[in-house]
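Enquirer: Just target-v3.cif, nothing more (mmCIF, C-alpha atoms):
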```
data_protein
loop_
_atom_site.group_PDB
_atom_site.id
_atom_site.type_symbol
_atom_site.label_atom_id
_atom_site.label_comp_id
_atom_site.auth_asym_id
_atom_site.auth_seq_id
_atom_site.Cartn_x
_atom_site.Cartn_y
_atom_site.Cartn_z
ATOM 1 C CA MET D 235 -18.027 -22.249 -5.493
ATOM 2 C CA LYS D 236 -14.532 -23.588 -4.938
ATOM 3 C CA ALA D 237 -12.410 -22.262 -2.082
ATOM 4 C CA ARG D 238 -9.655 -21.310 -4.519
ATOM 5 C CA GLN D 239 -12.074 -19.028 -6.413
ATOM 6 C CA VAL D 240 -12.803 -17.162 -3.171
ATOM 7 C CA VAL D 241 -9.274 -17.083 -1.715
ATOM 8 C CA ARG D 242 -7.414 -15.858 -4.809
ATOM 9 C CA PRO D 243 -9.345 -12.552 -5.258
ATOM 10 C CA PHE D 244 -9.131 -11.982 -1.502
ATOM 11 C CA CYS D 245 -5.348 -12.416 -1.565
ATOM 12 C CA VAL D 246 -4.992 -10.197 -4.642
ATOM 13 C CA ALA D 247 -6.945 -7.453 -2.854
ATOM 14 C CA LEU D 248 -5.073 -7.965 0.432
ATOM 15 C CA VAL D 249 -1.493 -7.764 -0.895
ATOM 16 C CA PRO D 250 -1.558 -4.052 -1.883
ATOM 17 C CA ALA D 251 -3.202 -3.165 1.427
ATOM 18 C CA VAL D 252 -0.551 -5.086 3.355
ATOM 19 C CA LEU D 253 2.288 -3.482 1.409
ATOM 20 C CA ALA D 254 0.819 -0.005 1.800
ATOM 21 C CA ALA D 255 0.323 -0.474 5.524
ATOM 22 C CA CYS D 256 4.013 -1.209 6.008
ATOM 23 C CA TYR D 257 5.111 2.183 4.671
ATOM 24 C CA THR D 258 4.573 5.805 5.607
ATOM 25 C CA TYR D 259 5.427 9.109 3.977
ATOM 26 C CA THR D 260 7.577 11.528 5.975
ATOM 27 C CA PRO D 261 8.768 14.987 4.935
ATOM 28 C CA LEU D 262 12.096 14.922 3.093
ATOM 29 C CA PRO D 263 14.773 15.351 5.762
ATOM 30 C CA THR D 264 17.246 17.227 3.524
ATOM 31 C CA LEU D 265 17.276 19.420 0.472
ATOM 32 C CA ALA D 266 19.412 16.805 -1.302
ATOM 33 C CA PRO D 267 17.629 13.453 -0.906
ATOM 34 C CA THR D 268 19.484 10.272 -1.737
ATOM 35 C CA PRO D 269 19.150 8.951 -5.292
ATOM 36 C CA GLN D 270 16.719 6.049 -5.780
ATOM 37 C CA ALA D 271 14.716 7.167 -2.738
ATOM 38 C CA SER D 272 11.009 6.609 -3.183
ATOM 39 C CA VAL D 273 9.374 10.031 -3.030
ATOM 40 C CA ALA D 274 5.993 11.714 -3.387
ATOM 41 C CA LEU D 275 5.870 15.312 -4.557
ATOM 42 C CA THR D 276 2.708 17.327 -3.986
ATOM 43 C CA LEU D 277 2.414 19.993 -6.649
ATOM 44 C CA SER D 278 1.390 23.584 -6.025
ATOM 45 C CA ASP D 279 -1.037 25.434 -8.288
ATOM 46 C CA GLN D 280 1.961 26.754 -10.225
ATOM 47 C CA GLY D 281 3.288 23.192 -10.468
ATOM 48 C CA ARG D 282 0.039 21.824 -11.859
ATOM 49 C CA VAL D 283 0.151 24.442 -14.595
ATOM 50 C CA GLY D 284 3.882 23.901 -15.269
ATOM 51 C CA ALA D 285 3.670 20.104 -15.325
ATOM 52 C CA GLY D 286 0.443 20.096 -17.351
ATOM 53 C CA PRO D 287 2.027 19.792 -20.809
ATOM 54 C CA THR D 288 4.170 16.860 -19.696
ATOM 55 C CA MET D 289 1.940 14.994 -17.253
ATOM 56 C CA GLY D 290 -1.584 16.121 -18.032
ATOM 57 C CA ALA D 291 -3.951 18.596 -16.456
ATOM 58 C CA GLY D 292 -4.925 18.478 -12.804
ATOM 59 C CA VAL D 293 -1.980 16.500 -11.399
ATOM 60 C CA ALA D 294 -1.899 16.899 -7.614
ATOM 61 C CA ARG D 295 0.779 14.378 -6.596
ATOM 62 C CA VAL D 296 3.630 12.582 -8.339
ATOM 63 C CA GLU D 297 5.181 9.404 -6.894
ATOM 64 C CA GLY D 298 8.327 7.665 -8.045
ATOM 65 C CA ALA D 299 12.008 6.905 -7.576
ATOM 66 C CA LEU D 300 14.296 9.897 -7.372
ATOM 67 C CA ILE D 301 16.989 9.844 -10.040
ATOM 68 C CA GLY D 302 18.610 13.071 -8.975
ATOM 69 C CA SER D 303 18.013 16.558 -7.640
ATOM 70 C CA THR D 304 19.604 19.970 -7.870
ATOM 71 C CA ASP D 305 18.889 23.197 -6.082
ATOM 72 C CA SER D 306 16.305 24.008 -8.766
ATOM 73 C CA ASP D 307 14.651 20.693 -9.730
ATOM 74 C CA PHE D 308 13.816 17.038 -9.016
ATOM 75 C CA THR D 309 14.247 14.306 -11.628
ATOM 76 C CA LEU D 310 12.359 11.101 -10.986
ATOM 77 C CA ARG D 311 11.157 7.900 -12.575
ATOM 78 C CA VAL D 312 7.393 8.200 -12.205
ATOM 79 C CA ALA D 313 5.472 5.242 -10.762
ATOM 80 C CA ALA D 314 2.080 6.932 -10.344
ATOM 81 C CA ILE D 315 0.306 10.261 -10.425
ATOM 82 C CA THR D 316 -2.775 11.302 -8.492
ATOM 83 C CA ASP D 317 -5.115 13.917 -9.899
ATOM 84 C CA LEU D 318 -7.106 16.545 -8.012
ATOM 85 C CA ARG D 319 -10.096 14.190 -7.726
ATOM 86 C CA GLY D 320 -7.973 11.518 -6.041
ATOM 87 C CA ARG D 321 -7.799 9.145 -8.995
ATOM 88 C CA GLN D 322 -4.447 7.430 -9.294
ATOM 89 C CA THR D 323 -2.873 6.552 -12.641
ATOM 90 C CA ARG D 324 0.030 4.114 -12.842
ATOM 91 C CA TRP D 325 3.036 5.043 -14.939
ATOM 92 C CA SER D 326 5.771 2.716 -16.160
ATOM 93 C CA GLY D 327 8.851 4.593 -15.005
ATOM 94 C CA GLU D 328 9.007 7.492 -17.461
ATOM 95 C CA THR D 329 11.582 10.107 -16.471
ATOM 96 C CA VAL D 330 10.198 13.535 -15.579
ATOM 97 C CA THR D 331 11.919 16.663 -14.286
ATOM 98 C CA LEU D 332 9.919 18.954 -12.005
ATOM 99 C CA GLN D 333 11.077 22.366 -10.848
ATOM 100 C CA ARG D 334 11.363 22.752 -7.083
ATOM 101 C CA ALA D 335 9.230 25.903 -7.337
ATOM 102 C CA TRP D 336 6.392 23.669 -8.550
ATOM 103 C CA VAL D 337 6.551 21.400 -5.489
ATOM 104 C CA GLY D 338 4.438 22.354 -2.481
ATOM 105 C CA ASN D 339 5.523 19.448 -0.265
ATOM 106 C CA ALA D 340 8.065 16.670 -0.747
ATOM 107 C CA TYR D 341 7.838 13.357 1.091
ATOM 108 C CA GLU D 342 10.003 10.259 1.316
ATOM 109 C CA ARG D 343 8.474 6.799 1.524
ATOM 110 C CA ARG D 344 9.910 4.908 4.501
ATOM 111 C CA PHE D 345 9.422 1.500 6.014
ATOM 112 C CA SER D 346 7.334 1.726 9.209
ATOM 113 C CA ARG D 347 8.124 -0.930 11.806
ATOM 114 C CA SER D 348 5.252 0.061 14.078
ATOM 115 C CA ARG D 349 2.647 -0.179 11.297
ATOM 116 C CA THR D 350 4.106 -3.507 10.223
ATOM 117 C CA TYR D 351 3.927 -4.909 13.775
ATOM 118 C CA VAL D 352 0.304 -3.814 14.136
ATOM 119 C CA LEU D 353 -0.590 -5.298 10.759
ATOM 120 C CA VAL D 354 1.147 -8.614 11.439
ATOM 121 C CA GLY D 355 -0.514 -8.814 14.859
ATOM 122 C CA ALA D 356 -3.946 -8.165 13.382
ATOM 123 C CA LEU D 357 -3.423 -10.730 10.609
ATOM 124 C CA ALA D 358 -2.152 -13.325 13.104
ATOM 125 C CA ALA D 359 -5.134 -12.735 15.414
ATOM 126 C CA GLY D 360 -7.512 -13.039 12.473
ATOM 127 C CA PHE D 361 -5.882 -16.271 11.305
ATOM 128 C CA VAL D 362 -5.920 -17.807 14.799
ATOM 129 C CA SER D 363 -9.580 -16.846 15.269
ATOM 130 C CA PHE D 364 -10.469 -18.350 11.906
ATOM 131 C CA ALA D 365 -8.458 -21.528 12.571
ATOM 132 C CA VAL D 366 -9.909 -22.038 16.066
ATOM 133 C CA THR D 367 -13.478 -21.736 14.808
ATOM 134 C CA ARG D 368 -12.676 -24.416 12.201
ATOM 135 C CA HIS D 369 -10.970 -26.675 14.798
ATOM 136 C CA TRP D 370 -7.753 -26.763 12.746
ATOM 137 C CA PHE D 371 -5.619 -27.200 15.859
ATOM 138 C CA GLY D 372 -7.372 -30.325 17.045
ATOM 139 C CA GLY D 373 -9.841 -30.666 19.833
ATOM 140 C CA GLY D 374 -13.401 -30.664 18.725
ATOM 141 C CA PRO D 375 -16.429 -29.478 20.580
ATOM 142 C CA LEU D 376 -17.043 -31.164 23.931
ATOM 143 C CA THR D 377 -20.193 -33.269 24.018
ATOM 144 C CA ASP D 378 -22.034 -34.864 26.914
ATOM 145 C CA ASN D 379 -23.421 -37.614 24.687
ATOM 146 C CA PRO D 380 -20.687 -39.716 23.104
ATOM 147 C CA GLY D 381 -23.138 -40.674 20.378
ATOM 148 C CA GLY D 382 -23.431 -44.097 18.859
ATOM 149 C CA GLY D 383 -27.172 -44.426 19.187
ATOM 150 C CA GLY D 384 -28.441 -47.592 17.716
ATOM 151 C CA GLY D 385 -32.111 -47.381 18.339
ATOM 152 C CA SER D 386 -34.238 -49.207 20.911
ATOM 153 C CA GLN D 387 -32.927 -52.731 20.277
ATOM 154 C CA GLN D 388 -29.526 -52.791 22.002
#
```
Please lay out the structure from this file as structure tokens.
Expert:
Amino acid sequence: MKARQVVRPFCVALVPAVLAACYTYTPLPTLAPTPQASVALTLSDQGRVGAGPTMGAGVARVEGALIGSTDSDFTLRVAAITDLRGRQTRWSGETVTLQRAWVGNAYERRFSRSRTYVLVGALAAGFVSFAVTRHWFGGGPLTDNPGGGGGSQQ
């Protein structure tokens, strides 16, 4: 098996984990969040029923970019929805309006420096460990016998 065949799937699986680790969801700080903010809205039971005809039954969480908000609703470009069983379905940016009464909790996605530092440190330590065990930085194993051999007729 070629190294490229092993590395590519590993990198494809690692990229979403790395990107997710660099962000955290915090409660919305204001009633009027800034447009284009990345948000996650957790729906209440009433919200699941109200959003059912538009988004499907059993929607627990809606993630996307906020287009606008009023005192009675949120309008967002939906990136993904998560159902009650935890299955996530990607959307392609369809615009949906959800009443505030339907939203149990509202979160804003924010960049997390601390998580990013921990992740970068862990990745760097893993790379250095891997590289040292492969002697990529020079210096091979120390040996008492310089080798050469040659048999009994020297």
Enquirer: Can you work out the spacing between atom CA of D:Pro263 and atom CA of D:Gln280 in Å, to one decimal?
Expert: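 Interatomic distance, atom CA of D:Pro263 to atom CA of D:Gln280: 23.4 Å.
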Enquirer: Apply the PyMOL selection byres ((chain D and resi 337-340) around 12) to the displayed file and report the matching residues as number ranges by chain.
Expert: D: 259-267, 271-285, 293-298, 300, 306-308, 331-336, 341-343
Enquirer: Might you spell out which residues the PyMOL selection byres ((chain D and resi 312) around 9) would select in the displayed file, as number ranges by chain?
Expert: D: 296-300, 310-311, 313-315, 324-330
Enquirer: What is the atom CA of D:Ala359-atom CA of D:Arg344 distance in Å, reported with one decimal?
Expert: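 Computing it gives 25.6 Å between the two atoms.
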Enquirer: Separation of atom CA of D:Arg319 and atom CA of D:Gly290, in Å?
Expert: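 Here the two named atoms are 13.5 Å from each other.
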Enquirer: Quick one: of D:Ala291, D:Thr268, D:Phe345, D:Tyr257, who's nearest to D:Thr309, counting all atoms listed in the file?
Expert: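 Once distances to D:Thr309 are computed over all atoms listed in the file, the minimum belongs to D:Thr268.
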